[in-house]
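This is final_21.pdb (PDB, C-alpha atoms).
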ATOM      1  CA  MET A   1       2.405  30.195 -24.704  1.00  0.00           C
ATOM      2  CA  ILE A   2       0.316  27.019 -24.313  1.00  0.00           C
ATOM      3  CA  ARG A   3       2.215  24.104 -22.808  1.00  0.00           C
ATOM      4  CA  LEU A   4       2.455  20.804 -24.678  1.00  0.00           C
ATOM      5  CA  SER A   5       0.412  19.022 -21.993  1.00  0.00           C
ATOM      6  CA  ASP A   6      -2.368  21.613 -22.346  1.00  0.00           C
ATOM      7  CA  LYS A   7      -2.349  21.206 -26.131  1.00  0.00           C
ATOM      8  CA  ILE A   8      -2.758  17.438 -25.718  1.00  0.00           C
ATOM      9  CA  ILE A   9      -5.751  17.916 -23.391  1.00  0.00           C
ATOM     10  CA  LEU A  10      -7.364  20.395 -25.809  1.00  0.00           C
ATOM     11  CA  LEU A  11      -6.829  17.954 -28.683  1.00  0.00           C
ATOM     12  CA  LEU A  12      -8.498  15.125 -26.740  1.00  0.00           C
ATOM     13  CA  VAL A  13     -11.487  17.325 -25.862  1.00  0.00           C
ATOM     14  CA  TYR A  14     -11.813  18.317 -29.526  1.00  0.00           C
ATOM     15  CA  LEU A  15     -11.760  14.659 -30.605  1.00  0.00           C
ATOM     16  CA  PHE A  16     -14.425  13.692 -28.073  1.00  0.00           C
ATOM     17  CA  ILE A  17     -16.769  16.493 -29.199  1.00  0.00           C
ATOM     18  CA  CYS A  18     -16.214  16.553 -32.947  1.00  0.00           C
ATOM     19  CA  TYR A  19     -15.216  12.983 -33.751  1.00  0.00           C
ATOM     20  CA  PRO A  20     -16.983  10.450 -31.508  1.00  0.00           C
ATOM     21  CA  GLN A  21     -15.596   7.658 -33.695  1.00  0.00           C
ATOM     22  CA  ALA A  22     -12.156   8.624 -32.401  1.00  0.00           C
ATOM     23  CA  LEU A  23     -13.150   7.654 -28.855  1.00  0.00           C
ATOM     24  CA  THR A  24     -10.974   4.520 -28.797  1.00  0.00           C
ATOM     25  CA  ALA A  25      -7.892   6.365 -30.013  1.00  0.00           C
ATOM     26  CA  ALA A  26      -8.452   9.191 -27.569  1.00  0.00           C
ATOM     27  CA  ASN A  27      -8.812   6.758 -24.671  1.00  0.00           C
ATOM     28  CA  PHE A  28      -5.531   5.169 -25.643  1.00  0.00           C
ATOM     29  CA  ALA A  29      -3.803   8.545 -25.771  1.00  0.00           C
ATOM     30  CA  LEU A  30      -5.275   9.604 -22.444  1.00  0.00           C
ATOM     31  CA  SER A  31      -4.171   6.385 -20.748  1.00  0.00           C
ATOM     32  CA  PHE A  32      -0.657   6.981 -22.073  1.00  0.00           C
ATOM     33  CA  PHE A  33      -0.351  10.402 -20.470  1.00  0.00           C
ATOM     34  CA  VAL A  34      -2.221   9.688 -17.198  1.00  0.00           C
ATOM     35  CA  MET A  35       0.123   7.510 -15.161  1.00  0.00           C
ATOM     36  CA  PRO A  36      -1.691   5.137 -12.762  1.00  0.00           C
ATOM     37  CA  LEU A  37       1.615   4.476 -10.962  1.00  0.00           C
ATOM     38  CA  PHE A  38       0.832   6.882  -8.141  1.00  0.00           C
ATOM     39  CA  TYR A  39       4.110   6.520  -6.249  1.00  0.00           C
ATOM     40  CA  GLN A  40       7.287   4.415  -6.319  1.00  0.00           C
ATOM     41  CA  HIS A  41      10.226   4.170  -3.939  1.00  0.00           C
ATOM     42  CA  ASN A  42      13.268   1.991  -4.583  1.00  0.00           C
ATOM     43  CA  ILE A  43      14.682   1.161  -1.157  1.00  0.00           C
ATOM     44  CA  ASN A  44      17.689  -0.565  -2.734  1.00  0.00           C
ATOM     45  CA  ASP A  45      18.436  -2.693  -5.801  1.00  0.00           C
ATOM     46  CA  SER A  46      16.566  -5.703  -4.406  1.00  0.00           C
ATOM     47  CA  THR A  47      13.705  -4.007  -2.524  1.00  0.00           C
ATOM     48  CA  LYS A  48      11.065  -1.743  -4.082  1.00  0.00           C
ATOM     49  CA  LEU A  49       7.593  -0.489  -3.232  1.00  0.00           C
ATOM     50  CA  ALA A  50       4.870   1.382  -5.093  1.00  0.00           C
ATOM     51  CA  ILE A  51       1.254   2.554  -4.997  1.00  0.00           C
ATOM     52  CA  TRP A  52      -1.052   2.089  -7.993  1.00  0.00           C
ATOM     53  CA  HIS A  53      -4.095   4.311  -8.514  1.00  0.00           C
ATOM     54  CA  ILE A  54      -6.696   1.959  -9.964  1.00  0.00           C
ATOM     55  CA  THR A  55      -8.406   3.616 -12.930  1.00  0.00           C
ATOM     56  CA  GLU A  56      -8.437   0.626 -15.296  1.00  0.00           C
ATOM     57  CA  GLN A  57     -11.037  -2.064 -15.951  1.00  0.00           C
ATOM     58  CA  GLU A  58     -10.416  -5.754 -15.232  1.00  0.00           C
ATOM     59  CA  ASP A  59      -9.474  -6.533 -18.839  1.00  0.00           C
ATOM     60  CA  PHE A  60      -6.376  -4.351 -18.530  1.00  0.00           C
ATOM     61  CA  PHE A  61      -4.993  -6.448 -15.660  1.00  0.00           C
ATOM     62  CA  LEU A  62      -6.164  -9.847 -16.926  1.00  0.00           C
ATOM     63  CA  LYS A  63      -3.794  -9.558 -19.894  1.00  0.00           C
ATOM     64  CA  LYS A  64      -0.947 -10.137 -17.428  1.00  0.00           C
ATOM     65  CA  VAL A  65      -2.465 -11.361 -14.161  1.00  0.00           C
ATOM     66  CA  PRO A  66      -3.932 -14.875 -13.719  1.00  0.00           C
ATOM     67  CA  LEU A  67      -7.127 -14.701 -11.650  1.00  0.00           C
ATOM     68  CA  LYS A  68      -6.909 -17.869  -9.552  1.00  0.00           C
ATOM     69  CA  ARG A  69      -9.049 -16.876  -6.581  1.00  0.00           C
ATOM     70  CA  ASP A  70     -12.833 -16.835  -6.665  1.00  0.00           C
ATOM     71  CA  VAL A  71     -13.387 -13.179  -5.766  1.00  0.00           C
ATOM     72  CA  SER A  72     -17.038 -12.334  -6.346  1.00  0.00           C
ATOM     73  CA  HIS A  73     -17.095  -8.668  -5.265  1.00  0.00           C
ATOM     74  CA  ALA A  74     -16.222  -6.503  -8.280  1.00  0.00           C
ATOM     75  CA  GLN A  75     -14.147  -3.897  -6.421  1.00  0.00           C
ATOM     76  CA  LYS A  76     -12.239  -6.504  -4.395  1.00  0.00           C
ATOM     77  CA  ARG A  77     -11.526  -8.437  -7.577  1.00  0.00           C
ATOM     78  CA  LEU A  78     -10.159  -5.294  -9.221  1.00  0.00           C
ATOM     79  CA  GLN A  79      -7.998  -4.587  -6.146  1.00  0.00           C
ATOM     80  CA  HIS A  80      -6.772  -8.186  -6.211  1.00  0.00           C
ATOM     81  CA  LEU A  81      -5.744  -7.883  -9.857  1.00  0.00           C
ATOM     82  CA  ALA A  82      -4.140  -4.450  -9.453  1.00  0.00           C
ATOM     83  CA  GLY A  83      -2.033  -5.583  -6.498  1.00  0.00           C
ATOM     84  CA  ARG A  84      -0.594  -8.508  -8.427  1.00  0.00           C
ATOM     85  CA  TYR A  85      -0.084  -6.430 -11.545  1.00  0.00           C
ATOM     86  CA  LEU A  86       1.964  -4.021  -9.432  1.00  0.00           C
ATOM     87  CA  LEU A  87       4.326  -6.847  -8.441  1.00  0.00           C
ATOM     88  CA  THR A  88       5.402  -7.169 -12.067  1.00  0.00           C
ATOM     89  CA  GLU A  89       5.771  -3.401 -12.393  1.00  0.00           C
ATOM     90  CA  LEU A  90       8.349  -3.530  -9.603  1.00  0.00           C
ATOM     91  CA  PHE A  91      10.090  -6.680 -10.840  1.00  0.00           C
ATOM     92  CA  PRO A  92       9.142  -7.767 -14.397  1.00  0.00           C
ATOM     93  CA  ASP A  93      10.305 -11.350 -13.767  1.00  0.00           C
ATOM     94  CA  PHE A  94       7.987 -11.804 -10.770  1.00  0.00           C
ATOM     95  CA  PRO A  95       6.337 -15.257 -11.252  1.00  0.00           C
ATOM     96  CA  LEU A  96       2.660 -14.442 -10.663  1.00  0.00           C
ATOM     97  CA  GLU A  97       1.545 -17.941 -11.613  1.00  0.00           C
ATOM     98  CA  GLU A  98       3.574 -19.370  -8.707  1.00  0.00           C
ATOM     99  CA  ILE A  99       1.848 -17.374  -5.952  1.00  0.00           C
ATOM    100  CA  ARG A 100       0.390 -19.569  -3.231  1.00  0.00           C
ATOM    101  CA  ILE A 101      -1.967 -18.653  -0.354  1.00  0.00           C
ATOM    102  CA  ALA A 102      -1.034 -19.696   3.193  1.00  0.00           C
ATOM    103  CA  ASP A 103      -3.554 -20.738   5.852  1.00  0.00           C
ATOM    104  CA  THR A 104      -3.199 -17.216   7.271  1.00  0.00           C
ATOM    105  CA  ARG A 105      -4.360 -15.858   3.868  1.00  0.00           C
ATOM    106  CA  LYS A 106      -0.916 -14.402   3.151  1.00  0.00           C
ATOM    107  CA  PRO A 107       0.241 -14.815  -0.478  1.00  0.00           C
ATOM    108  CA  TYR A 108       3.768 -16.170  -0.887  1.00  0.00           C
ATOM    109  CA  LEU A 109       6.196 -17.883  -3.261  1.00  0.00           C
ATOM    110  CA  ALA A 110       7.191 -21.411  -2.267  1.00  0.00           C
ATOM    111  CA  ASP A 111      10.793 -20.951  -3.416  1.00  0.00           C
ATOM    112  CA  GLU A 112      10.997 -17.469  -1.811  1.00  0.00           C
ATOM    113  CA  LEU A 113      12.522 -15.990  -4.954  1.00  0.00           C
ATOM    114  CA  TYR A 114      10.828 -12.824  -3.743  1.00  0.00           C
ATOM    115  CA  HIS A 115       9.315 -11.786  -0.428  1.00  0.00           C
ATOM    116  CA  PHE A 116       6.314  -9.536  -0.950  1.00  0.00           C
ATOM    117  CA  SER A 117       3.339  -7.886   0.667  1.00  0.00           C
ATOM    118  CA  ILE A 118       0.226  -6.314  -0.882  1.00  0.00           C
ATOM    119  CA  SER A 119      -2.359  -3.892   0.492  1.00  0.00           C
ATOM    120  CA  HIS A 120      -5.526  -2.295  -0.929  1.00  0.00           C
ATOM    121  CA  PHE A 121      -7.787   0.559   0.027  1.00  0.00           C
ATOM    122  CA  GLY A 122     -10.506   1.953  -2.237  1.00  0.00           C
ATOM    123  CA  GLN A 123      -8.944   2.852  -5.579  1.00  0.00           C
ATOM    124  CA  TYR A 124      -5.382   2.282  -4.398  1.00  0.00           C
ATOM    125  CA  ALA A 125      -3.197  -0.818  -4.306  1.00  0.00           C
ATOM    126  CA  ALA A 126       0.249  -0.912  -2.697  1.00  0.00           C
ATOM    127  CA  ALA A 127       2.984  -3.525  -2.904  1.00  0.00           C
ATOM    128  CA  ILE A 128       6.485  -4.058  -1.576  1.00  0.00           C
ATOM    129  CA  VAL A 129       8.791  -6.695  -3.070  1.00  0.00           C
ATOM    130  CA  SER A 130      12.268  -7.820  -2.016  1.00  0.00           C
ATOM    131  CA  GLY A 131      14.670 -10.489  -3.149  1.00  0.00           C
ATOM    132  CA  THR A 132      16.599 -10.366   0.127  1.00  0.00           C
ATOM    133  CA  MET A 133      14.445  -9.046   2.985  1.00  0.00           C
ATOM    134  CA  ARG A 134      11.267  -9.839   4.866  1.00  0.00           C
ATOM    135  CA  VAL A 135       8.678  -7.123   4.150  1.00  0.00           C
ATOM    136  CA  GLY A 136       5.251  -5.755   5.035  1.00  0.00           C
ATOM    137  CA  VAL A 137       3.185  -2.885   3.595  1.00  0.00           C
ATOM    138  CA  ASP A 138      -0.144  -1.227   4.289  1.00  0.00           C
ATOM    139  CA  VAL A 139      -2.129   1.607   2.712  1.00  0.00           C
ATOM    140  CA  GLU A 140      -5.098   3.270   4.425  1.00  0.00           C
ATOM    141  CA  MET A 141      -7.312   6.337   4.110  1.00  0.00           C
ATOM    142  CA  ALA A 142      -7.878   8.398   7.256  1.00  0.00           C
ATOM    143  CA  SER A 143     -11.562   8.430   8.246  1.00  0.00           C
ATOM    144  CA  PRO A 144     -13.735   8.655  11.412  1.00  0.00           C
ATOM    145  CA  THR A 145     -14.052   4.842  11.400  1.00  0.00           C
ATOM    146  CA  ILE A 146     -10.581   4.576  12.933  1.00  0.00           C
ATOM    147  CA  GLU A 147     -11.863   6.125  16.184  1.00  0.00           C
ATOM    148  CA  LYS A 148     -14.285   3.234  16.651  1.00  0.00           C
ATOM    149  CA  ILE A 149     -11.544   0.589  16.691  1.00  0.00           C
ATOM    150  CA  ARG A 150      -8.831   2.582  18.508  1.00  0.00           C
ATOM    151  CA  ASN A 151      -9.020   0.472  21.687  1.00  0.00           C
ATOM    152  CA  LYS A 152      -8.539  -2.705  19.658  1.00  0.00           C
ATOM    153  CA  PHE A 153      -5.064  -1.777  18.473  1.00  0.00           C
ATOM    154  CA  LEU A 154      -3.715   0.845  20.912  1.00  0.00           C
ATOM    155  CA  SER A 155      -2.968   0.383  24.608  1.00  0.00           C
ATOM    156  CA  GLU A 156      -3.984   3.177  27.010  1.00  0.00           C
ATOM    157  CA  ASN A 157      -0.376   4.329  27.206  1.00  0.00           C
ATOM    158  CA  GLU A 158      -0.037   4.430  23.401  1.00  0.00           C
ATOM    159  CA  SER A 159      -3.196   6.538  23.127  1.00  0.00           C
ATOM    160  CA  VAL A 160      -1.842   9.044  25.629  1.00  0.00           C
ATOM    161  CA  ILE A 161       1.471   9.329  23.791  1.00  0.00           C
ATOM    162  CA  ALA A 162      -0.238   9.627  20.405  1.00  0.00           C
ATOM    163  CA  PHE A 163      -2.394  12.559  21.392  1.00  0.00           C
ATOM    164  CA  GLU A 164       0.306  14.318  23.414  1.00  0.00           C
ATOM    165  CA  GLY A 165       2.357  14.502  20.232  1.00  0.00           C
ATOM    166  CA  ILE A 166      -0.472  15.242  17.841  1.00  0.00           C
ATOM    167  CA  GLU A 167       1.406  18.126  16.223  1.00  0.00           C
ATOM    168  CA  LYS A 168       4.237  15.825  15.141  1.00  0.00           C
ATOM    169  CA  SER A 169       2.398  13.997  12.395  1.00  0.00           C
ATOM    170  CA  GLY A 170      -0.886  15.804  11.714  1.00  0.00           C
ATOM    171  CA  HIS A 171      -4.480  15.766  12.842  1.00  0.00           C
ATOM    172  CA  ARG A 172      -6.065  13.191  15.152  1.00  0.00           C
ATOM    173  CA  LEU A 173      -7.583  10.851  12.542  1.00  0.00           C
ATOM    174  CA  ARG A 174      -4.416  10.856  10.471  1.00  0.00           C
ATOM    175  CA  GLN A 175      -2.306  10.057  13.536  1.00  0.00           C
ATOM    176  CA  LEU A 176      -4.541   7.144  14.485  1.00  0.00           C
ATOM    177  CA  THR A 177      -4.466   5.897  10.893  1.00  0.00           C
ATOM    178  CA  ILE A 178      -0.651   5.980  10.815  1.00  0.00           C
ATOM    179  CA  LEU A 179      -0.509   3.891  13.998  1.00  0.00           C
ATOM    180  CA  TRP A 180      -3.102   1.396  12.773  1.00  0.00           C
ATOM    181  CA  SER A 181      -1.364   1.103   9.410  1.00  0.00           C
ATOM    182  CA  ALA A 182       2.064   0.656  11.021  1.00  0.00           C
ATOM    183  CA  LYS A 183       0.798  -2.246  13.101  1.00  0.00           C
ATOM    184  CA  GLU A 184      -0.877  -3.741  10.021  1.00  0.00           C
ATOM    185  CA  SER A 185       2.465  -3.611   8.187  1.00  0.00           C
ATOM    186  CA  ILE A 186       4.144  -5.461  11.074  1.00  0.00           C
ATOM    187  CA  PHE A 187       1.337  -8.036  11.091  1.00  0.00           C
ATOM    188  CA  LYS A 188       1.956  -8.676   7.394  1.00  0.00           C
ATOM    189  CA  TRP A 189       5.711  -8.753   7.934  1.00  0.00           C
ATOM    190  CA  TYR A 190       5.253 -11.471  10.582  1.00  0.00           C
ATOM    191  CA  SER A 191       2.821 -13.334   8.284  1.00  0.00           C
ATOM    192  CA  LEU A 192       1.976 -16.203  10.662  1.00  0.00           C
ATOM    193  CA  GLY A 193      -1.219 -14.760  12.137  1.00  0.00           C
ATOM    194  CA  GLN A 194      -2.493 -14.919  15.742  1.00  0.00           C
ATOM    195  CA  VAL A 195      -1.212 -11.427  16.607  1.00  0.00           C
ATOM    196  CA  ASN A 196      -2.801  -9.211  19.269  1.00  0.00           C
ATOM    197  CA  PHE A 197      -2.137  -5.652  18.120  1.00  0.00           C
ATOM    198  CA  ARG A 198      -2.330  -4.226  21.665  1.00  0.00           C
ATOM    199  CA  GLU A 199      -0.154  -6.843  23.356  1.00  0.00           C
ATOM    200  CA  HIS A 200       2.238  -8.124  20.701  1.00  0.00           C
ATOM    201  CA  ILE A 201       3.008  -4.840  18.886  1.00  0.00           C
ATOM    202  CA  ARG A 202       4.132  -2.064  21.229  1.00  0.00           C
ATOM    203  CA  TRP A 203       4.945   1.474  20.090  1.00  0.00           C
ATOM    204  CA  THR A 204       8.213   2.568  21.707  1.00  0.00           C
ATOM    205  CA  ALA A 205      10.510   5.590  21.964  1.00  0.00           C
ATOM    206  CA  PRO A 206      11.677   7.436  19.971  1.00  0.00           C
ATOM    207  CA  TYR A 207       8.062   7.691  18.818  1.00  0.00           C
ATOM    208  CA  PHE A 208       8.492   9.867  15.728  1.00  0.00           C
ATOM    209  CA  ILE A 209      11.626  10.396  13.664  1.00  0.00           C
ATOM    210  CA  ARG A 210      11.907  12.371  10.449  1.00  0.00           C
ATOM    211  CA  SER A 211      13.986  10.509   7.866  1.00  0.00           C
ATOM    212  CA  GLY A 212      14.210  12.420   4.576  1.00  0.00           C
ATOM    213  CA  ASP A 213      10.899  12.108   2.747  1.00  0.00           C
ATOM    214  CA  PHE A 214       9.599   9.627   5.314  1.00  0.00           C
ATOM    215  CA  GLY A 215       8.559   9.531   8.911  1.00  0.00           C
ATOM    216  CA  GLU A 216       9.802   6.671  11.065  1.00  0.00           C
ATOM    217  CA  MET A 217       8.259   5.022  14.131  1.00  0.00           C
ATOM    218  CA  CYS A 218       9.710   2.421  16.466  1.00  0.00           C
ATOM    219  CA  PHE A 219       7.905  -0.721  17.590  1.00  0.00           C
ATOM    220  CA  GLU A 220       8.685  -3.769  19.684  1.00  0.00           C
ATOM    221  CA  PHE A 221       7.214  -6.991  18.301  1.00  0.00           C
ATOM    222  CA  ARG A 222       6.699  -9.206  21.336  1.00  0.00           C
ATOM    223  CA  LYS A 223       5.478 -12.520  19.921  1.00  0.00           C
ATOM    224  CA  ASP A 224       7.933 -15.442  19.952  1.00  0.00           C
ATOM    225  CA  GLY A 225      10.545 -13.249  21.626  1.00  0.00           C
ATOM    226  CA  SER A 226      11.265  -9.552  21.231  1.00  0.00           C
ATOM    227  CA  VAL A 227      12.231  -7.790  17.992  1.00  0.00           C
ATOM    228  CA  MET A 228      12.687  -4.050  17.538  1.00  0.00           C
ATOM    229  CA  LEU A 229      11.253  -2.838  14.247  1.00  0.00           C
ATOM    230  CA  PRO A 230      11.396   0.542  12.503  1.00  0.00           C
ATOM    231  CA  VAL A 231       8.259   1.290  10.462  1.00  0.00           C
ATOM    232  CA  TYR A 232       8.402   3.993   7.800  1.00  0.00           C
ATOM    233  CA  TYR A 233       5.433   6.094   6.774  1.00  0.00           C
ATOM    234  CA  LYS A 234       4.485   8.662   4.156  1.00  0.00           C
ATOM    235  CA  VAL A 235       1.266  10.687   3.970  1.00  0.00           C
ATOM    236  CA  PHE A 236      -0.399  11.892   0.755  1.00  0.00           C
ATOM    237  CA  ASP A 237      -3.199  14.174   1.974  1.00  0.00           C
ATOM    238  CA  ASP A 238      -5.357  11.613   3.834  1.00  0.00           C
ATOM    239  CA  LEU A 239      -3.791   8.537   2.185  1.00  0.00           C
ATOM    240  CA  VAL A 240      -1.304   6.823   4.510  1.00  0.00           C
ATOM    241  CA  LEU A 241       1.453   4.445   3.401  1.00  0.00           C
ATOM    242  CA  THR A 242       3.487   2.417   5.917  1.00  0.00           C
ATOM    243  CA  PHE A 243       6.094  -0.274   5.356  1.00  0.00           C
ATOM    244  CA  VAL A 244       8.667  -2.374   7.173  1.00  0.00           C
ATOM    245  CA  TYR A 245      11.620  -4.439   5.955  1.00  0.00           C
ATOM    246  CA  THR A 246      14.304  -6.449   7.749  1.00  0.00           C
TER     247      THR A 246
END

Is it possible to express this structure as structure tokens?
Amino acid sequence: MIRLSDKIILLLVYLFICYPQALTAANFALSFFVMPLFYQHNINDSTKLAIWHITEQEDFFLKKVPLKRDVSHAQKRLQHLAGRYLLTELFPDFPLEEIRIADTRKPYLADELYHFSISHFGQYAAAIVSGTMRVGVDVEMASPTIEKIRNKFLSENESVIAFEGIEKSGHRLRQLTILWSAKESIFKWYSLGQVNFREHIRWTAPYFIRSGDFGEMCFEFRKDGSVMLPVYYKVFDDLVLTFVYT
């Protein structure tokens, strides 16, 4: 027996081949069944995060998202729009028109109705939004490039610990990417800039904890005092998601 989803795909293929004039209708149907919301996690009633797989053109996002920044690069502009669109997917009443940009380049709401953080990588945009907590999020793709900057964000001791426990979270590049992404999430959580990733963000024991569907890592943020922060991570093949909330 042919499944309903397979019948829909066969119908769309038939329309494309036999009735080119039906292209617009078929595109609409295809967009309905292919969900660009790649992943969503509701931490609690007031705090949610999600990843959007960007497959749309700018016009799709511009129907809802005001483009206030002068972003000339086409891909960066699309990422910019997708990230803000995702904010309204998480909380439909999110006031996009009230977003401001701080001197540190962090977007924020002056009245702090919501705290939020946005990240982009390639065709993916991630966002975390909370009405009650300070938040940070980052999304990265594991690649050999991470090896070149390892000494910029990991101390010698952190590198030793990371590679001693390589079996705990995956292969070498993925492990480095998780650590880089975790520190990026903390940087965004702090939001005030002037952070040295090696000195101000220290990876501490217990280094890896399994927590349901997520991994958890512990860090000490050592700028303006000392704060212990848990950072959560989830890996989708080579795509890494990390986030922090307090």

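Counting only C-alpha atoms and comparing A:Ser211, A:Thr177, A:Asn151, A:Asn42, the residue that lies closest to Phe197 in chain A is A:Asn151.
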
Within 6 Å of range 229-238 of chain A using all atoms listed in the file, minus same-chain residues under 6 positions, as a compact mmCIF listing (two decimals) with C-alpha atoms, keeping the file's coordinate frame:
# COMPACT_ATOMS: atom_id res chain seq x y z
CA MET A 141 -7.31 6.34 4.11
CA ALA A 142 -7.88 8.40 7.26
CA PHE A 214 9.60 9.63 5.31
CA GLY A 215 8.56 9.53 8.91
CA GLU A 216 9.80 6.67 11.06
CA MET A 217 8.26 5.02 14.13
CA CYS A 218 9.71 2.42 16.47
CA PHE A 219 7.90 -0.72 17.59
CA VAL A 244 8.67 -2.37 7.17

For Ser119 in chain A, find every residue with an atom within 8 Å (counting only C-alpha atoms), except residues of its own chain fewer than 5 positions away, and show them as an NGL selection string. :A and (83 or 125-127 or 137-139)

Nearest residue to Ile128 in chain A out of A:His53, A:His41, A:Lys76, A:Arg198, using all atoms listed in the file? A:His41

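Relative to CA of Phe221 in chain A, CA of Ala110 in chain A is found at 25.1 Å.
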
Evaluating the PyMOL selection byres ((chain A and resi 222) around 9) on the displayed file yields which residues, as a PyMOL selection string? chain A and resi 199-202+220-221+223-228

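Of the listed residues A:Ile186, A:Leu113, A:Val65, A:Val195, the one whose atoms come nearest to Val135 in chain A is A:Ile186, with distances taken using only C-alpha atoms.
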
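Residues in contact with Arg172 in chain A at up to 12 Å, not including ones fewer than 5 positions away on its chain and judged by all atoms listed in the file, are Ala142, Ser143, Pro144, Ile146, Glu147, Arg150, Ser159, Ala162, Phe163, Glu164, Gly165, Ile166, Glu167, Thr177, Ile178, Leu179 and Asp238 of chain A.
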
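Proximity of A:Val160, A:Ala182, A:Leu90, A:Ile51 to Gly131 in chain A, computed with all atoms listed in the file, is greatest for A:Leu90.
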
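Within 10 Å of the point (9.6, -8.5, 8.4) in file coordinates, and counting all atoms listed in the file, lie the residues A:His115, A:Phe116, A:Ser117, A:Met133, A:Arg134, A:Val135, A:Gly136, A:Val137, A:Ser185, A:Ile186, A:Phe187, A:Lys188, A:Trp189, A:Tyr190, A:Ser191, A:Val227, A:Leu229, A:Phe243, A:Val244, A:Tyr245, A:Thr246.
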
Could you tell me how far CA of Ser72 in chain A lies from CA of Leu86 in chain A, in Å and to one decimal? 21.0 Å

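Rounded to one decimal, CA of Glu140 in chain A and CA of Phe38 in chain A lie 14.4 Å from each other.
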
One residue among A:Phe94, A:Phe121, A:Trp52, A:Tyr207 is nearest to Leu109 in chain A when using all atoms listed in the file, and that residue is A:Phe94

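The closest residue to Thr132 in chain A, picked from A:Ile101, A:Val240, A:Ile43, A:Leu37 and counting all atoms listed in the file, is A:Ile43.
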
Please determine an axis-aligned box that encloses all atoms of range 88-91 of chain A listed in the file, with 5 Å added on each side, and express its centre and edge lengths in Å to one decimal as JSON.
{"center_x": 7.7, "center_y": -5.3, "center_z": -11.0, "size_x": 14.7, "size_y": 13.8, "size_z": 12.8}
